[in-house]
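First comes the structure, then the notes that go with it.
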Amino acid sequence: MTQGPVEKDRLAEAISVVNLSKRYGTTPAVQDLTLSVEPGEFFGFLGPNGAGKTTTIRMLTGALPPDQGSMRIAGMEAGRRNEILKRLGVMPESRGFYDWMTGAEYLDFFAALYGLSTAERRARVDNMLTRTELNPSRNKRVGAYSRGMKQRLGLARALINNPTILILDEPTLGLDPQGQGLIQNLLRQLNSNGVTVFYSSHLLHEVSALCSRIGILNQGRLVALGTIPEILKTTGTQSLTEAFLSLTGTT
Amino acid sequence: MKGILLQTDYHRGLPPGKFESRNSKSETPGFGFRTSDLGFPVFGLWLCGKLVPLLFLGLAVTGFCQGGSAARLPLALNIPAHESLTGTAGDYVTVHCDVSNRGNAALTDVTTYLSLVDNANRMPVDLEDWSAERGLFIGTIEPGQTFPLDWKIHFVKAGDYSLIVVATGSGSELPETSQIVRFRVNPKRNLEAAKVLPVALGEPVLLIFLMALVVFFRNRRIAA
Amino acid sequence: MIRHIWRKDLQSELYTWKGTVWLLIAALLFSFTSYLLLTDKELSLLDQTELLWLLAKIIIATAMLIVTIDASSIATAEFEKGTAESLFLAPMTLSDFILGKLLASLTLWVLVFVVATPYIIVASSGTHLAGFFLGYVALFGTLGVLGLLCVTLALSLLYRSSRNTLTTSLVVLLFLTIPALFGSSLKNSGAVAGFSRINPIDSIFSALDNVLVDYQVRLSANLRFLSPVVGFVVVGILFLLVAARVFRRRGIAGEMR
């Protein structure tokens, strides 16, 4: 496995995972995963379908208890879940919405769950709807939104609490180029403002355009970790696609 | 012996006082002579003279006449707490009656009956729907003993009624009665149509109206 | 946190017509029952208090059925529609989630009770029993519904499927209701008698019979009927706690791959 810099003080890291493992019955989904993400980093988490990316993210967000291993998010142990979640913004893979709510009501509901006051919620909702270009449809039922609009609404929900760490699972899946561009620009903007981004995707062009450092998962194991040039050098390939294919055993 | 034979004749189905003729002396009732030996008038007088005491003795053996035929039964029937009998049509109430033997001897075959009279219409009430038991058989009451009885009565119809308990027993042809208890059965309560119907019809309509209002105001807020 | 979940679910009941349709169904059922009690020849032979008892049983049974059906999907819909993961990504505990859902379902019971109140008042007219009727239906109904809700929510957490939860909940409700339909002679025999004594629904019906038909309106006269119902609530809460524990162990995304 190609490895990055030596593990620094875990307290300083945005995300730190050591020997994380998870099985579904007898099938290992994630095996001995160890990685860390620095604050302010735009980290790409790659892997083919079924590699264990979503399982890893669910363990990071506390939606799934790991079978073994430890993790720290925003310098806090996993047990302090509610405090971690206040600093975390997550766009999960399964994106269900309350179809009867309007876009504004949807964001307002989640803003309320973070304990924001009415005035704060109003301001935050307006801000998010504007940044995701959903303002014209704020009073439309979410059930009437297009797929792209729902994706943007999901991102707005992930950002409603002004997180310091953003974890995104396939955020541009199924979007048209305009939609992809909008989200990518927004994420670049956030990252430039110091937000740590953990970006999980199997779209290599996106990852190479956005991410400073990547980890590649294959069959539950981390097979590469480092910057893209480092990985290309280690694998002796010319492009991320070639490196990915060689590391995931599909050449 | 004579009483026993009478009983036998009686049980053969012969009316009391009628005898079959018997040929052998041993079959005769022990009178010592044959009836055919006498003339008819003498025979008739003799017959009456013999039959009456025989009849009396027979009755005494079968228990129809004990200790005197016209004397009243030394029974006291009391319905306590009769003031609480008033109720409403449809109610089930219990009529309690204490039957006491005030005599010196035990009274046997004591049977009690309930009677009800409609005061307004001045007619007896057929107890078929009012009470499952009309008559309650007590049997023997020892001297000084008080027997409590309960009748469960269903107030079938509203009105003004009088109730009496009658007791019969061996030792007297005359029954004994309790005091007359007068009570009122009030008309049965029913749902008031004038109140129920407006709610039954109006509430679903009101709910539909409220639902329509919610939809209207919701849709006004939400863009199409 | 609980308040927000509760409010969200109430709005969902209102704006998706789920709750409002149930209230309308309840009102139509009570209207039909009242009309029947008024006009049916055989029923009109009964005394008014016996008619009230009949109405009370209909109200309790209807409320329990509605609340059970609604509660079967109030939590499981979050998992089936994929909103659960987003929801639990907010700083919210499982207790907040459960209590919010419980309150929302209890509110539906309260609304059914409010719908039933005018029927109770007009049917009791002339008997001076309206207050007691309302009070005892509120007391026993709330406890009975609470027990049933705890069982249903527990099943929701275990199954995470509205169909399975609904089926099992209805079986439980049926199991508890059937002895109440037995005649008194059958209820006095052996095992049925024992089950009848601990059966919460049977106890609720018996308490209302005691109050409405036998005029035993004092609470002390009906305390013996309260214990099976309270026991049912306790069992329900314990079951819910166990289910919550299993849910935590499996994780919010436990059934998802």
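Numbering starts fresh at 1 for the residues of each chain in the structure tokens, the chains themselves are lettered A, B, ... in the order given, and ligands are numbered from 1 as they appear.
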
Proximity check chain C to chain B, 10 Å, nearest pairs one decimal Å, only C-alpha atoms, as JSON lines:
{"residue": "C:Leu14", "atom": "CA", "partner": "B:Val214", "partner_atom": "CA", "distance": 8.0}
{"residue": "C:Tyr15", "atom": "CA", "partner": "B:Val215", "partner_atom": "CA", "distance": 7.4}
{"residue": "C:Thr16", "atom": "CA", "partner": "B:Val215", "partner_atom": "CA", "distance": 9.6}
{"residue": "C:Trp17", "atom": "CA", "partner": "B:Met211", "partner_atom": "CA", "distance": 8.2}
{"residue": "C:Thr20", "atom": "CA", "partner": "B:Met211", "partner_atom": "CA", "distance": 6.9}
{"residue": "C:Val21", "atom": "CA", "partner": "B:Met211", "partner_atom": "CA", "distance": 8.8}
{"residue": "C:Leu23", "atom": "CA", "partner": "B:Leu207", "partner_atom": "CA", "distance": 7.9}
{"residue": "C:Leu24", "atom": "CA", "partner": "B:Pro204", "partner_atom": "CA", "distance": 6.2}
{"residue": "C:Ile25", "atom": "CA", "partner": "B:Pro204", "partner_atom": "CA", "distance": 8.5}
{"residue": "C:Ala26", "atom": "CA", "partner": "B:Pro204", "partner_atom": "CA", "distance": 8.9}
{"residue": "C:Ala27", "atom": "CA", "partner": "B:Pro204", "partner_atom": "CA", "distance": 5.6}
{"residue": "C:Leu28", "atom": "CA", "partner": "B:Pro204", "partner_atom": "CA", "distance": 6.1}
{"residue": "C:Leu29", "atom": "CA", "partner": "B:Ala200", "partner_atom": "CA", "distance": 9.4}
{"residue": "C:Phe30", "atom": "CA", "partner": "B:Ala200", "partner_atom": "CA", "distance": 7.3}
{"residue": "C:Ser31", "atom": "CA", "partner": "B:Ala200", "partner_atom": "CA", "distance": 4.2}
{"residue": "C:Phe32", "atom": "CA", "partner": "B:Ala200", "partner_atom": "CA", "distance": 7.2}
{"residue": "C:Thr33", "atom": "CA", "partner": "B:Ala200", "partner_atom": "CA", "distance": 8.8}
{"residue": "C:Ser34", "atom": "CA", "partner": "B:Ala200", "partner_atom": "CA", "distance": 6.6}
{"residue": "C:Tyr35", "atom": "CA", "partner": "B:Ala200", "partner_atom": "CA", "distance": 6.9}
{"residue": "C:Leu37", "atom": "CA", "partner": "B:Leu191", "partner_atom": "CA", "distance": 7.8}
{"residue": "C:Leu38", "atom": "CA", "partner": "B:Leu191", "partner_atom": "CA", "distance": 6.2}
{"residue": "C:Thr39", "atom": "CA", "partner": "B:Ala193", "partner_atom": "CA", "distance": 8.9}
{"residue": "C:Ser44", "atom": "CA", "partner": "B:Asn190", "partner_atom": "CA", "distance": 7.4}
{"residue": "C:Leu45", "atom": "CA", "partner": "B:Gly90", "partner_atom": "CA", "distance": 8.0}
{"residue": "C:Leu46", "atom": "CA", "partner": "B:Gly90", "partner_atom": "CA", "distance": 7.2}
{"residue": "C:Asp47", "atom": "CA", "partner": "B:Gly90", "partner_atom": "CA", "distance": 6.0}
{"residue": "C:Gln48", "atom": "CA", "partner": "B:Asn190", "partner_atom": "CA", "distance": 5.1}
{"residue": "C:Thr49", "atom": "CA", "partner": "B:Arg189", "partner_atom": "CA", "distance": 8.4}
{"residue": "C:Leu51", "atom": "CA", "partner": "B:Leu191", "partner_atom": "CA", "distance": 8.3}
{"residue": "C:Leu52", "atom": "CA", "partner": "B:Leu191", "partner_atom": "CA", "distance": 9.2}
{"residue": "C:Val115", "atom": "CA", "partner": "B:Glu203", "partner_atom": "CA", "distance": 7.9}
{"residue": "C:Ala116", "atom": "CA", "partner": "B:Glu203", "partner_atom": "CA", "distance": 9.6}
{"residue": "C:Pro118", "atom": "CA", "partner": "B:Val199", "partner_atom": "CA", "distance": 6.8}
{"residue": "C:Tyr119", "atom": "CA", "partner": "B:Val199", "partner_atom": "CA", "distance": 6.6}
{"residue": "C:Ile120", "atom": "CA", "partner": "B:Val196", "partner_atom": "CA", "distance": 9.4}
{"residue": "C:Ile121", "atom": "CA", "partner": "B:Val196", "partner_atom": "CA", "distance": 9.1}
{"residue": "C:Val122", "atom": "CA", "partner": "B:Val196", "partner_atom": "CA", "distance": 5.5}
{"residue": "C:Ala123", "atom": "CA", "partner": "B:Leu191", "partner_atom": "CA", "distance": 5.8}
{"residue": "C:Ser124", "atom": "CA", "partner": "B:Leu191", "partner_atom": "CA", "distance": 7.6}
{"residue": "C:Ser125", "atom": "CA", "partner": "B:Glu192", "partner_atom": "CA", "distance": 7.3}
{"residue": "C:Gly126", "atom": "CA", "partner": "B:Arg189", "partner_atom": "CA", "distance": 7.8}
{"residue": "C:Thr127", "atom": "CA", "partner": "B:Arg189", "partner_atom": "CA", "distance": 8.2}

Go ahead and save the picked residues with C-alpha atoms, as a short mmCIF file (atom, residue, chain, number, x, y, z; two decimals), in the first residue's frame.
data_model
loop_
_atom_site.label_atom_id
_atom_site.label_comp_id
_atom_site.auth_asym_id
_atom_site.auth_seq_id
_atom_site.Cartn_x
_atom_site.Cartn_y
_atom_site.Cartn_z
CA LEU C 14 -51.82 17.42 8.58
CA TYR C 15 -50.34 18.28 5.21
CA THR C 16 -50.20 14.75 3.82
CA TRP C 17 -53.81 14.13 4.94
CA THR C 20 -56.84 14.21 8.97
CA VAL C 21 -58.26 11.28 7.02
CA LEU C 23 -59.91 11.78 12.12
CA LEU C 24 -62.59 11.92 9.46
CA ILE C 25 -62.91 8.12 9.49
CA ALA C 26 -63.24 8.20 13.26
CA ALA C 27 -65.93 10.88 13.09
CA LEU C 28 -67.89 8.92 10.47
CA LEU C 29 -67.68 5.78 12.57
CA PHE C 30 -68.88 7.58 15.70
CA SER C 31 -71.67 9.20 13.71
CA PHE C 32 -72.76 5.86 12.34
CA THR C 33 -72.67 4.31 15.80
CA SER C 34 -74.67 7.16 17.33
CA TYR C 35 -77.25 6.95 14.58
CA LEU C 37 -77.94 3.53 18.81
CA LEU C 38 -80.68 6.04 18.20
CA THR C 39 -82.67 4.27 15.53
CA SER C 44 -83.15 1.06 21.58
CA LEU C 45 -84.43 -1.55 24.03
CA LEU C 46 -81.20 -1.18 25.96
CA ASP C 47 -80.96 1.31 28.74
CA GLN C 48 -79.16 4.53 27.91
CA THR C 49 -76.20 3.65 30.11
CA LEU C 51 -75.76 2.41 24.97
CA LEU C 52 -73.08 4.66 26.44
CA VAL C 115 -63.48 14.33 17.88
CA ALA C 116 -65.28 11.83 20.15
CA PRO C 118 -69.22 15.91 21.32
CA TYR C 119 -70.62 12.42 20.75
CA ILE C 120 -69.94 11.52 24.37
CA ILE C 121 -71.56 14.69 25.66
CA VAL C 122 -74.76 14.40 23.63
CA ALA C 123 -75.13 10.67 24.19
CA SER C 124 -74.74 11.14 27.96
CA SER C 125 -77.32 13.88 28.10
CA GLY C 126 -79.71 13.27 30.99
CA THR C 127 -77.53 10.75 32.80
#

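For Gly103 of chain A, the non-local neighbours within 9 Å, defined as residues at least 6 positions apart in the same chain or in other chains and counting only C-alpha atoms, are Leu129, Leu134, Asn135, Ser137, Arg138, Asn139, Lys140, Arg141, Val142, Tyr145 and Leu153 of chain A.
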
Next, write the just-selected residues to a file, as a PDB file, in the first residue's frame, keeping N, CA and C atoms as the atom set.
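Below you can see part-v3.pdb, which holds the result:
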ATOM      1  N   LEU A 129     -29.956  28.671   0.505  1.00  0.00           N
ATOM      2  CA  LEU A 129     -30.776  28.582  -0.707  1.00  0.00           C
ATOM      3  C   LEU A 129     -30.169  29.423  -1.822  1.00  0.00           C
ATOM      4  N   LEU A 134     -31.207  27.752  -5.145  1.00  0.00           N
ATOM      5  CA  LEU A 134     -32.544  27.179  -4.963  1.00  0.00           C
ATOM      6  C   LEU A 134     -33.569  28.221  -4.503  1.00  0.00           C
ATOM      7  N   ASN A 135     -33.134  29.472  -4.423  1.00  0.00           N
ATOM      8  CA  ASN A 135     -34.030  30.512  -3.912  1.00  0.00           C
ATOM      9  C   ASN A 135     -35.344  30.638  -4.689  1.00  0.00           C
ATOM     10  N   SER A 137     -37.023  28.458  -5.974  1.00  0.00           N
ATOM     11  CA  SER A 137     -37.907  27.304  -5.693  1.00  0.00           C
ATOM     12  C   SER A 137     -38.078  27.071  -4.203  1.00  0.00           C
ATOM     13  N   ARG A 138     -37.795  28.085  -3.389  1.00  0.00           N
ATOM     14  CA  ARG A 138     -37.797  27.863  -1.937  1.00  0.00           C
ATOM     15  C   ARG A 138     -39.169  27.460  -1.411  1.00  0.00           C
ATOM     16  N   ASN A 139     -40.240  27.955  -2.064  1.00  0.00           N
ATOM     17  CA  ASN A 139     -41.589  27.636  -1.589  1.00  0.00           C
ATOM     18  C   ASN A 139     -42.264  26.552  -2.403  1.00  0.00           C
ATOM     19  N   LYS A 140     -41.462  25.831  -3.144  1.00  0.00           N
ATOM     20  CA  LYS A 140     -42.002  24.684  -3.883  1.00  0.00           C
ATOM     21  C   LYS A 140     -41.843  23.451  -3.013  1.00  0.00           C
ATOM     22  N   ARG A 141     -42.763  22.508  -3.178  1.00  0.00           N
ATOM     23  CA  ARG A 141     -42.629  21.239  -2.451  1.00  0.00           C
ATOM     24  C   ARG A 141     -41.397  20.500  -2.963  1.00  0.00           C
ATOM     25  N   VAL A 142     -40.680  19.894  -2.043  1.00  0.00           N
ATOM     26  CA  VAL A 142     -39.469  19.154  -2.412  1.00  0.00           C
ATOM     27  C   VAL A 142     -39.815  18.006  -3.344  1.00  0.00           C
ATOM     28  N   TYR A 145     -39.236  18.874  -6.862  1.00  0.00           N
ATOM     29  CA  TYR A 145     -37.887  19.232  -7.289  1.00  0.00           C
ATOM     30  C   TYR A 145     -37.350  18.209  -8.266  1.00  0.00           C
ATOM     31  N   LEU A 153     -30.168  20.626  -2.680  1.00  0.00           N
ATOM     32  CA  LEU A 153     -30.843  20.769  -1.381  1.00  0.00           C
ATOM     33  C   LEU A 153     -30.125  19.922  -0.322  1.00  0.00           C
TER      34      LEU A 153
END

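For the residues A:Glu77, A:Asp99, A:Phe198, A:Leu168, ranking by smallest atom-to-atom distance to Leu35 of chain A using only C-alpha atoms places A:Phe198 first.
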
Compute the set of chain C residues within 6 Å of chain A, using only C-alpha atoms, and express it as number ranges by chain. C: 1, 81-83, 91, 251-253

Write out as a ChimeraX atom specification which residues come within 8 Å of Thr112 of chain B when counting only C-alpha atoms, dropping same-chain ones fewer than 5 positions away. /B:135-138,165-168

Expected file contents, prior selection, C-alpha atoms, as an mmCIF file, in the first residue's frame:
data_model
loop_
_atom_site.group_PDB
_atom_site.id
_atom_site.type_symbol
_atom_site.label_atom_id
_atom_site.label_comp_id
_atom_site.auth_asym_id
_atom_site.auth_seq_id
_atom_site.Cartn_x
_atom_site.Cartn_y
_atom_site.Cartn_z
ATOM 1 C CA GLY B 135 -92.925 -19.140 42.900
ATOM 2 C CA LEU B 136 -90.131 -20.057 45.281
ATOM 3 C CA PHE B 137 -90.387 -23.284 47.244
ATOM 4 C CA ILE B 138 -88.938 -23.099 50.739
ATOM 5 C CA VAL B 165 -95.727 -11.876 48.368
ATOM 6 C CA VAL B 166 -98.049 -14.760 49.168
ATOM 7 C CA ALA B 167 -97.063 -17.900 51.031
ATOM 8 C CA THR B 168 -98.810 -21.227 51.332
#

DSSP on the backbone: what in segment 14-257 of chain C comes out alpha helix (DSSP H), as a ChimeraX atom specification? /C:14-15,18-39,48-74,76-80,83-88,94-123,130-159,162-177,184-187,190-198,200-212,223-250

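Distances from A:Thr102, A:Gln178, A:Thr237, A:Thr164 to chain B were compared using only C-alpha atoms, and the smallest one belongs to A:Thr102.
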
Applying 9 Å and only C-alpha atoms, which residues near Val172 of chain C remain after dropping the ones on its own chain fewer than 5 positions away? List them as a PyMOL selection string. chain C and resi 148+151+167+177

note - atom CA of Ala154 of chain C and atom CA of Ile5 of chain C are separated by 17.4 Å

Shell of 12 Å around Tyr136 of chain C, only C-alpha atoms, local chain residues under 3 positions omitted, as a PyMOL selection string: chain C and resi 53+56-57+60+113+120+129-133+139-144+204-212+216-219+222-223+225-226
